[in-house]
Number of protein chains: 2
Amino acid sequence: MNDDNTTPLALEAFIPYKLNRAADLVSRGFGQIYKDRAGLTRPEWRTLATLGQYGTLTATSIGAHSSMHKTKVSRAVQALQDRKWLKRTTDEKDRRIERLTLTREGERNYRSLAELAHSFETRLKTVLGEEDFNALNRGLAAIETHLGKRIDM
Amino acid sequence: MNDDNTTPLALEAFIPYKLNRAADLVSRGFGQIYKDRAGLTRPEWRTLATLGQYGTLTATSIGAHSSMHKTKVSRAVQALQDRKWLKRTTDEKDRRIERLTLTREGERNYRSLAELAHSFETRLKTVLGEEDFNALNRGLAAIETHLGKRIDM
DNA sequence: TTAAATTTGTTGCATGTGTAACAATCTAAT
DNA sequence: ATTAGATTGTTACACATGCAACAAATTTAA
């Protein structure tokens with residue numbers, strides 16, 4: 001069905017549109033949380049989350065893990081450093097590299113936001129219902145599997 | 001499972017992140033098409049698509065149908081007008097309003113892109129497989145149903 | 001009728017973003 | 001050892017974006 005090329009496109013049924021719309025709706029929800037509670041931007045939140053999850057990383061690997069362009073990472077790292085939520089340590093073996101690690105305060109804030117993230121997801125699961133939630137996860141996993149070859153952004 | 005609040009958050013499994021990542025992956029695919037073929041930005045493509053679908057609309061209703069902030073619509077309409085892909089007609093009953101309609105050239109380009117959009121979606125369905133594709137649609141529909149109360153952006 | 005409130009659409013401003021260029025450093029090839 | 005190339009991270013630039021303020025027009029209330 002819907003192979004009729006005389007039918008104009010229904011934007012509200014078009015997958016790229018629906019995906020962006022859904023991402024905006026959900027991100028607005030969680031985005032309000034890290035913005036209101038911690039004054040973070042999305043790149044800053046992702047950087048914090050990645051460092052909290054993996055411990056010490058370089059800027060490049062933060063980008064690889066969180067799908068962020070290196071300029072976004074660079075600016076987010078700078079912002080988090082200004083708040084003293086992370087510290088940089090130049091690697092002695094390879095002096096191009098900086099090891100990035102959360103400070104105690106960074107970790108504290110990370111744990112607090114990670115808990116809110118878990119709550120948010122639980123709430124989302126409840127609101128959508130378990131079956132639709134699982135369907136969503138399945139669909140998103142398929143996209144990642146088939147289109148996610150590019151790791152960087 | 002995963003209710004353990006001592007477990008750090010796994011960003012790559014977090015729904016808001018996965019949704020944004022999937023939206024980026026898919027949008028990069030179709031975005032290349034309307035950018036390369038027609039030199040359009042996303043707001044311009046959405047405006048074209050909405051007018052192609054509904055015929056004559058006001059800027060406000062374009063925003064409502066395509067989830068775009070009125071400033072995005074305003075700028076996209078301006079750009080499409082500069083290309084002579086649409087024309088404005090001030091409503092005589094209410095002179096705040098402008099009726100926007102695609103020109104012949106705008107329609108021609110719309111039909112061409114709408115066809116590419118249908119092909120893109122068909123290809124995506126093939127790549128993901130019908131079951132995963134249906135799961136994705138089901139999940140996205142659930143988000144729209146439960147979080148999509150806000151029509152405007 | 002007149003004044004206040006609302007609606008429609010545009011624009012100034014500050015901020016966010018990707019591209020390209022770059023400096024510094026390291027690696028590989030000869 | 002030298003030189004070309006690659007990698008890491010930052011910055012200048014241009015462009016996109018949302019917010020707030022705005023003008024113009026209409027509607028509502030008094």
# chains A, B, ... in the order shown; residues from 1 in each chain; ligands from 1
$ residues_around --residues "DA20 of chain C" --least-positions-apart "6" --cutoff "12 Å" --atoms "only C-alpha atoms (C1' of nucleotides)" --output "list in words"
DT11, DA12, DC13 and DA14 of chain D
$ closest_atom_pairs --of "chain A" --to "chain C" --cutoff "12 Å" --atoms "only C-alpha atoms (C1' of nucleotides)" --output "CSV"
residue,atom,partner,partner_atom,distance
A:Thr41,CA,C:DG16,C1',9.8
A:Arg42,CA,C:DG16,C1',10.6
A:Pro43,CA,C:DG16,C1',10.3
A:Met68,CA,C:DT17,C1',11.2
A:His69,CA,C:DG18,C1',8.3
A:Lys70,CA,C:DG18,C1',10.1
A:Thr71,CA,C:DG18,C1',8.4
A:Lys72,CA,C:DT17,C1',8.0
A:Val73,CA,C:DT17,C1',11.8
A:Arg75,CA,C:DG16,C1',10.5
A:Ala76,CA,C:DG16,C1',11.5
A:Asp91,CA,C:DT25,C1',11.6
A:Glu92,CA,C:DT25,C1',11.7
A:Lys93,CA,C:DC26,C1',9.8
A:Asp94,CA,C:DC26,C1',7.2
A:Arg95,CA,C:DT25,C1',6.5
A:Arg96,CA,C:DT25,C1',5.5
A:Ile97,CA,C:DT25,C1',9.1
A:Met153,CA,C:DG18,C1',9.9
$ closest_atom_pairs --of "chain D" --to "chain A" --cutoff "12 Å" --atoms "only C-alpha atoms (C1' of nucleotides)" --output "CSV"
residue,atom,partner,partner_atom,distance
D:DT7,C1',A:Arg96,CA,8.3
D:DT8,C1',A:Arg96,CA,5.4
D:DG9,C1',A:Ser74,CA,7.2
D:DT10,C1',A:Ser74,CA,7.5
D:DT11,C1',A:Thr71,CA,9.5
$ write_last_selection --atoms "C-alpha atoms (C1' of nucleotides)" --output "short mmCIF file (atom, residue, chain, number, x, y, z; two decimals), in the first residue's frame"
data_model
loop_
_atom_site.label_atom_id
_atom_site.label_comp_id
_atom_site.auth_asym_id
_atom_site.auth_seq_id
_atom_site.Cartn_x
_atom_site.Cartn_y
_atom_site.Cartn_z
"C1'" DT D 7 45.97 12.22 14.70
"C1'" DT D 8 44.31 15.24 18.47
"C1'" DG D 9 42.09 19.06 19.81
"C1'" DT D 10 41.02 24.24 19.19
"C1'" DT D 11 39.37 28.25 16.80
#
$ interface_residues --of "chain B" --to "chain A" --cutoff "8 Å" --atoms "only C-alpha atoms" --output "PyMOL selection string"
chain B and resi 3+5+8-12+14-16+18-27+30+46+49-50+52-53+65-67+111+114-115+117-118+121+127-128+132-140+142-144+146-148
$ write_last_selection --atoms "N, CA and C atoms" --output "compact mmCIF listing (two decimals), in the first residue's frame"
# COMPACT_ATOMS: atom_id res chain seq x y z
N ASP B 3 16.77 -1.55 37.25
CA ASP B 3 16.27 -0.57 38.20
C ASP B 3 17.32 -0.25 39.26
N ASN B 5 19.93 1.53 40.94
CA ASN B 5 20.39 2.90 40.83
C ASN B 5 21.88 3.06 41.14
N PRO B 8 25.63 2.88 36.67
CA PRO B 8 25.64 4.14 35.94
C PRO B 8 24.77 3.98 34.70
N LEU B 9 24.30 5.09 34.22
CA LEU B 9 23.45 5.08 33.04
C LEU B 9 24.24 4.62 31.83
N ALA B 10 23.65 3.75 31.03
CA ALA B 10 24.26 3.38 29.75
C ALA B 10 23.67 4.30 28.68
N LEU B 11 24.44 5.29 28.29
CA LEU B 11 23.91 6.29 27.36
C LEU B 11 23.41 5.65 26.08
N GLU B 12 24.17 4.69 25.57
CA GLU B 12 23.79 4.10 24.28
C GLU B 12 22.51 3.28 24.36
N PHE B 14 19.92 4.52 26.35
CA PHE B 14 18.95 5.48 26.91
C PHE B 14 18.06 5.99 25.77
N ILE B 15 16.77 5.86 25.98
CA ILE B 15 15.81 6.15 24.91
C ILE B 15 15.97 7.55 24.29
N PRO B 16 16.07 8.61 25.08
CA PRO B 16 16.21 9.92 24.42
C PRO B 16 17.44 9.98 23.53
N LYS B 18 18.96 7.34 22.07
CA LYS B 18 18.76 6.45 20.92
C LYS B 18 17.82 7.07 19.89
N LEU B 19 16.80 7.76 20.38
CA LEU B 19 15.87 8.40 19.46
C LEU B 19 16.56 9.49 18.65
N ASN B 20 17.33 10.30 19.32
CA ASN B 20 18.05 11.36 18.60
C ASN B 20 19.05 10.79 17.63
N ARG B 21 19.72 9.76 18.06
CA ARG B 21 20.71 9.12 17.19
C ARG B 21 20.02 8.53 15.95
N ALA B 22 18.91 7.84 16.15
CA ALA B 22 18.19 7.24 15.02
C ALA B 22 17.65 8.33 14.10
N ALA B 23 17.11 9.39 14.68
CA ALA B 23 16.59 10.48 13.86
C ALA B 23 17.71 11.10 13.03
N ASP B 24 18.89 11.24 13.63
CA ASP B 24 20.02 11.80 12.90
C ASP B 24 20.44 10.88 11.76
N LEU B 25 20.52 9.59 12.05
CA LEU B 25 20.94 8.65 11.02
C LEU B 25 19.98 8.67 9.83
N VAL B 26 18.70 8.62 10.13
CA VAL B 26 17.72 8.58 9.05
C VAL B 26 17.64 9.92 8.33
N SER B 27 17.65 11.00 9.10
CA SER B 27 17.56 12.31 8.48
C SER B 27 18.76 12.62 7.62
N PHE B 30 17.83 11.04 4.18
CA PHE B 30 16.90 11.77 3.32
C PHE B 30 17.32 13.22 3.16
N ARG B 46 10.23 20.91 4.63
CA ARG B 46 8.97 20.68 5.33
C ARG B 46 7.88 21.63 4.86
N ALA B 49 6.75 20.45 1.52
CA ALA B 49 5.97 19.23 1.64
C ALA B 49 4.58 19.52 2.18
N THR B 50 4.49 20.43 3.13
CA THR B 50 3.19 20.74 3.72
C THR B 50 2.29 21.45 2.73
N GLY B 52 2.57 21.24 -0.51
CA GLY B 52 2.24 20.27 -1.56
C GLY B 52 1.12 19.34 -1.13
N GLN B 53 1.12 19.04 0.15
CA GLN B 53 0.11 18.12 0.66
C GLN B 53 -1.26 18.78 0.82
N HIS B 65 1.19 22.01 11.09
CA HIS B 65 1.24 20.71 10.41
C HIS B 65 2.63 20.11 10.38
N SER B 66 3.66 20.91 10.49
CA SER B 66 5.01 20.39 10.31
C SER B 66 5.87 20.56 11.55
N SER B 67 5.23 20.94 12.67
CA SER B 67 5.94 21.07 13.94
C SER B 67 7.13 22.01 13.86
N ARG B 111 6.54 17.43 -6.39
CA ARG B 111 6.20 16.07 -6.84
C ARG B 111 7.45 15.23 -7.00
N ALA B 114 8.64 14.39 -3.52
CA ALA B 114 7.71 13.48 -2.85
C ALA B 114 7.93 12.06 -3.34
N GLU B 115 8.22 11.96 -4.62
CA GLU B 115 8.47 10.62 -5.15
C GLU B 115 9.76 10.04 -4.56
N ALA B 117 10.89 10.78 -1.72
CA ALA B 117 10.57 10.47 -0.32
C ALA B 117 9.92 9.10 -0.22
N HIS B 118 8.98 8.83 -1.12
CA HIS B 118 8.36 7.51 -1.10
C HIS B 118 9.39 6.41 -1.35
N GLU B 121 11.47 5.83 1.74
CA GLU B 121 10.78 5.08 2.78
C GLU B 121 10.66 3.60 2.41
N VAL B 127 15.36 -2.28 4.04
CA VAL B 127 16.60 -2.43 4.80
C VAL B 127 16.32 -2.92 6.22
N LEU B 128 15.31 -2.35 6.84
CA LEU B 128 15.01 -2.74 8.22
C LEU B 128 14.30 -4.09 8.29
N ASP B 132 10.56 -5.11 11.80
CA ASP B 132 11.21 -4.05 12.56
C ASP B 132 10.67 -2.69 12.15
N PHE B 133 10.38 -2.56 10.88
CA PHE B 133 9.80 -1.32 10.38
C PHE B 133 8.44 -1.06 11.05
N ASN B 134 7.64 -2.10 11.14
CA ASN B 134 6.34 -1.95 11.80
C ASN B 134 6.50 -1.65 13.29
N ALA B 135 7.47 -2.29 13.90
CA ALA B 135 7.72 -2.01 15.32
C ALA B 135 8.08 -0.55 15.52
N LEU B 136 8.96 -0.05 14.65
CA LEU B 136 9.35 1.35 14.73
C LEU B 136 8.13 2.25 14.62
N ASN B 137 7.31 2.00 13.64
CA ASN B 137 6.11 2.81 13.47
C ASN B 137 5.19 2.75 14.68
N ARG B 138 5.07 1.58 15.23
CA ARG B 138 4.23 1.44 16.40
C ARG B 138 4.77 2.26 17.58
N GLY B 139 6.06 2.18 17.79
CA GLY B 139 6.67 2.94 18.87
C GLY B 139 6.55 4.44 18.67
N LEU B 140 6.78 4.88 17.46
CA LEU B 140 6.69 6.31 17.19
C LEU B 140 5.26 6.80 17.34
N ALA B 142 3.09 5.63 19.37
CA ALA B 142 2.79 5.70 20.80
C ALA B 142 3.32 7.00 21.39
N ILE B 143 4.51 7.39 20.98
CA ILE B 143 5.06 8.65 21.48
C ILE B 143 4.17 9.82 21.07
N GLU B 144 3.77 9.81 19.81
CA GLU B 144 2.91 10.89 19.33
C GLU B 144 1.60 10.93 20.13
N HIS B 146 0.97 9.85 23.17
CA HIS B 146 1.05 10.17 24.59
C HIS B 146 1.81 11.45 24.91
N LEU B 147 2.65 11.89 24.02
CA LEU B 147 3.42 13.11 24.30
C LEU B 147 3.12 14.24 23.33
N GLY B 148 2.32 13.99 22.30
CA GLY B 148 2.20 14.95 21.21
C GLY B 148 1.11 15.98 21.36
$ select_by_dssp --residues "segment 3-152 of chain A" --states "strand (DSSP E or B)" --output "list in words"
Leu57, Leu86, Lys87, Arg88, Thr89, Thr90, Glu98, Arg99, Leu100, Thr101 and Leu102 of chain A
$ write_last_selection --atoms "C-alpha atoms" --output "PDB file, in the first residue's frame"
ATOM      1  CA  LEU A  57      38.396   9.124  28.330  1.00  0.00           C
ATOM      2  CA  LEU A  86      36.001  17.558  35.156  1.00  0.00           C
ATOM      3  CA  LYS A  87      39.761  17.816  35.016  1.00  0.00           C
ATOM      4  CA  ARG A  88      42.181  17.397  32.146  1.00  0.00           C
ATOM      5  CA  THR A  89      45.459  15.533  32.377  1.00  0.00           C
ATOM      6  CA  THR A  90      47.842  15.563  29.482  1.00  0.00           C
ATOM      7  CA  GLU A  98      44.197  14.769  27.268  1.00  0.00           C
ATOM      8  CA  ARG A  99      42.727  12.301  29.732  1.00  0.00           C
ATOM      9  CA  LEU A 100      39.413  13.637  30.961  1.00  0.00           C
ATOM     10  CA  THR A 101      37.996  12.630  34.323  1.00  0.00           C
ATOM     11  CA  LEU A 102      35.088  13.844  36.401  1.00  0.00           C
TER      12      LEU A 102
END
$ residues_around --residues "Gly39 of chain B" --least-positions-apart "6" --cutoff "12 Å" --atoms "only C-alpha atoms (C1' of nucleotides)" --output "list in words"
Gly31, Gln32, Ile33, Trp45, Ala79, Leu80, Arg83, Asn109 and Leu113 of chain B
$ select_by_dssp --residues "segment 6-86 of chain B" --states "helix (DSSP H, G or I)" --output "PyMOL selection string"
chain B and resi 11-13+15-38+42-54+59-66+70-82
